[in-house]
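S.K.: Here it is, the structure, as structure tokens.
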Amino acid sequence: MASDNSDQTDKTRRRRLIGAGIRTLSRGAMRSMPGYDRAKSWQKTGQDWYETLGGLKGAAMKLGQIASQYEDVLPPQLTEQLARLQRDAEPWDFADLAGVLDAYWTDEERAMVAEIDETAIAAASIGQVHAARLTDGTNVVIKIRYPGVADSIDADVANLSRLLKWSRMLPIGGRDLDAVLGELRERFVEETDYRRELANLTTLRQLDLEGFELPEAIRPLCNEAIFVTTRLDSAPISTADPERGRDIVEAINRQIFEIGALHADPHPGNFGVTERGTIALYDFGCVKYLDEDTRIAMRGLLQSAFVEDWHGVHQHMEALGAVPQGRWAEDAEVYAGIYARHAASAIVPLRDHRPYVFERDELITSIREEISRSMKYWRYFRAAPDMVFVLRTLSGLYWILRSLHAEADLYDGLERIVAGEYGP
């Protein structure tokens, strides 16, 4: 009977996704008609996907949240609607989650909890969070995984892969899309196992990031479906002192280059500012691990860009899987021009404004303009799965820094990376 229910759930999810896909394709066909309101069409598509993915939760909703951050590639009317998935997730009734606690806690573990507030304080794609108090008086938060989300990942990713290929909403080929979605699938699988989140939190706490506070795990109560930490209260990150931008930038550099473990879910709800003025960091389900070779290639790319060695840049791009192998000899002029323009778009604004104040838009405007000019050269590049979450994280962190009008000498940070101060 349980298998029958699971099959029926999968069919329902597939029908809802396919229905949204068909409506997307229909609107896409009409956009080529004279006088058709393309902006309104993309807005309707975004609303449709927001309602569909938000209702499904799980990997489907998570993919929508990620897509919302690619406003440099996707139409703004679409990303504006999908961005609502970051902040408007509807929680489940606590009664529908109580069975998870019964299934994954022993009687002795349940007895450690004196009370649980049945009103969720946060809801997301994989689970939701409730405030609680232990019998020893410790205030904690309990994250409970939604029933069924772990079982729906493969079906959701497969269905969304087909729809993205049909709709051609993204300017990348099918093989590259499969590689990117494969990387995303791995992260989703990790996120649905809260034991991985426990390991991620342990790793990041070892860095002792200056200016940050991270909660502590209550290990006896953590398992694959339940994650319990001390409660760490905070105000919205937008209220932080602008000088905290330096701590955020330093934290990014240390995570990537010192230990190769990057907190890769950078939406505002996962950051806050405590009464002490420190930055609170939450939700450790999505951490991207980078091996030493990848980190060395990333640093080498920056080193080459700083001295305008475009062949060196290309070699490190090959090492990262971002370009096809063996193309430099034939297309050196094209690649060198692209690398020179992209380096200038990112480095010059940072060199000219020290510290960089995130009230200015020179950086993001410069990068966007260069991305637009380079769209016709997409065939010269490959989607590098290892870099998907790195670039997504940097994009999300830019807007967090923007929200608090942060100040940080980003150019100094780049120089320190190039000099090898952070390792490996």
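Note on naming: chains are A, B, ... as they come in the structure tokens, residues start from 1 per chain, ligands start from 1 in the order shown.
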With DSSP run on the backbone, what are the helix (DSSP H, G or I) residues within stretch 141-312 of chain A? I'd like them as a VMD selection string.

M.R.: chain A and resid 150 to 167 174 to 192 194 to 207 219 to 221 237 to 239 242 to 259 268 to 270 292 to 306 310 to 312

S.K.: Can you list every residue of stretch 81-162 of chain A that has an atom at most 12 Å from stretch 204-217 of chain A, with its nearest atom pair and the distance in Å to one decimal, using only C-alpha atoms, ordered by chain then number, as CSV?

M.R.:
```
residue,atom,partner,partner_atom,distance
A:Thr138,CA,A:Glu216,CA,11.4
A:Asn139,CA,A:Pro215,CA,11.3
A:Val140,CA,A:Ala217,CA,9.2
A:Val141,CA,A:Pro215,CA,9.7
A:Ile142,CA,A:Ala217,CA,10.3
A:Lys143,CA,A:Ala217,CA,11.4
```

S.K.: Which residue, A:Tyr104, A:Tyr398, A:Phe381, A:Tyr422, has the smallest gap to A:Ile248 when you use only C-alpha atoms?

M.R.: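 Of A:Tyr104, A:Tyr398, A:Phe381, A:Tyr422, the one nearest A:Ile248 is A:Tyr398, counting only C-alpha atoms.
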
S.K.: Using only C-alpha atoms, find each residue of stretch 236-355 of chain A with at least one atom at most 12 Å away from an atom of stretch 119-135 of chain A; report its shortest atom-to-atom pair and that distance in Å (one decimal), sort the rows by chain and rising residue number, and return the result as JSON lines.

M.R.:
```
{"residue": "A:Asp265", "atom": "CA", "partner": "A:Ala124", "partner_atom": "CA", "distance": 11.7}
{"residue": "A:His267", "atom": "CA", "partner": "A:Ala124", "partner_atom": "CA", "distance": 11.4}
{"residue": "A:Gly269", "atom": "CA", "partner": "A:Ala122", "partner_atom": "CA", "distance": 8.8}
{"residue": "A:Asn270", "atom": "CA", "partner": "A:Ala122", "partner_atom": "CA", "distance": 10.4}
{"residue": "A:Tyr282", "atom": "CA", "partner": "A:Val129", "partner_atom": "CA", "distance": 11.3}
{"residue": "A:Asp283", "atom": "CA", "partner": "A:Ala124", "partner_atom": "CA", "distance": 10.3}
{"residue": "A:Gly285", "atom": "CA", "partner": "A:Ile126", "partner_atom": "CA", "distance": 9.5}
{"residue": "A:Cys286", "atom": "CA", "partner": "A:Ile126", "partner_atom": "CA", "distance": 11.2}
```

S.K.: Give the answer as one residue: which of A:Leu232, A:Leu290, A:Ala155, A:Ala344 has the shortest atom-to-atom distance to A:Arg276, using only C-alpha atoms?

M.R.: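 Smallest separation from A:Arg276 among the options: A:Leu232.
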
S.K.: When DSSP is applied to the backbone of this structure, which of stretch 341-410 of chain A are assigned strand (DSSP E)? Write them out as a VMD selection string.

M.R.: chain A and resid 356 to 357 407 to 408

S.K.: Do a neighbour search on stretch 243-245 of chain A at 7 Å with only C-alpha atoms, toss out local chain neighbours closer than 3 positions, and write the hits as a list in words.

M.R.: Ala240, Ile248, Val249, Leu401, Ala406, Glu407 and Ala408 of chain A

S.K.: If we count only C-alpha atoms, what is near A:Ile371 at a cut-off of 10 Å, once residues fewer than 5 positions away on the same chain are taken out, given as a PyMOL selection string?

M.R.: chain A and resi 72-73+338+341-342+345+365-366+376-378

S.K.: Would you mind listing what lies within 6 Å of stretch 187-202 of chain A as number ranges by chain, with only C-alpha atoms counted and same-chain residues fewer than 6 positions away left out?

M.R.: A: 150, 223-225, 227, 284-286

S.K.: For those residues, write C-alpha atoms to a file as a PDB file, in the first residue's frame.

M.R.:
```pdb
ATOM      1  CA  ALA A 150      13.971  12.430  -0.119  1.00  0.00           C
ATOM      2  CA  ASN A 223      19.569  12.088  12.752  1.00  0.00           C
ATOM      3  CA  GLU A 224      18.804  11.861   9.032  1.00  0.00           C
ATOM      4  CA  ALA A 225      15.373  13.524   9.330  1.00  0.00           C
ATOM      5  CA  PHE A 227      18.348  18.421  13.099  1.00  0.00           C
ATOM      6  CA  PHE A 284      24.134  24.059   6.772  1.00  0.00           C
ATOM      7  CA  GLY A 285      22.445  21.564   4.477  1.00  0.00           C
ATOM      8  CA  CYS A 286      24.050  22.932   1.305  1.00  0.00           C
TER       9      CYS A 286
END
```
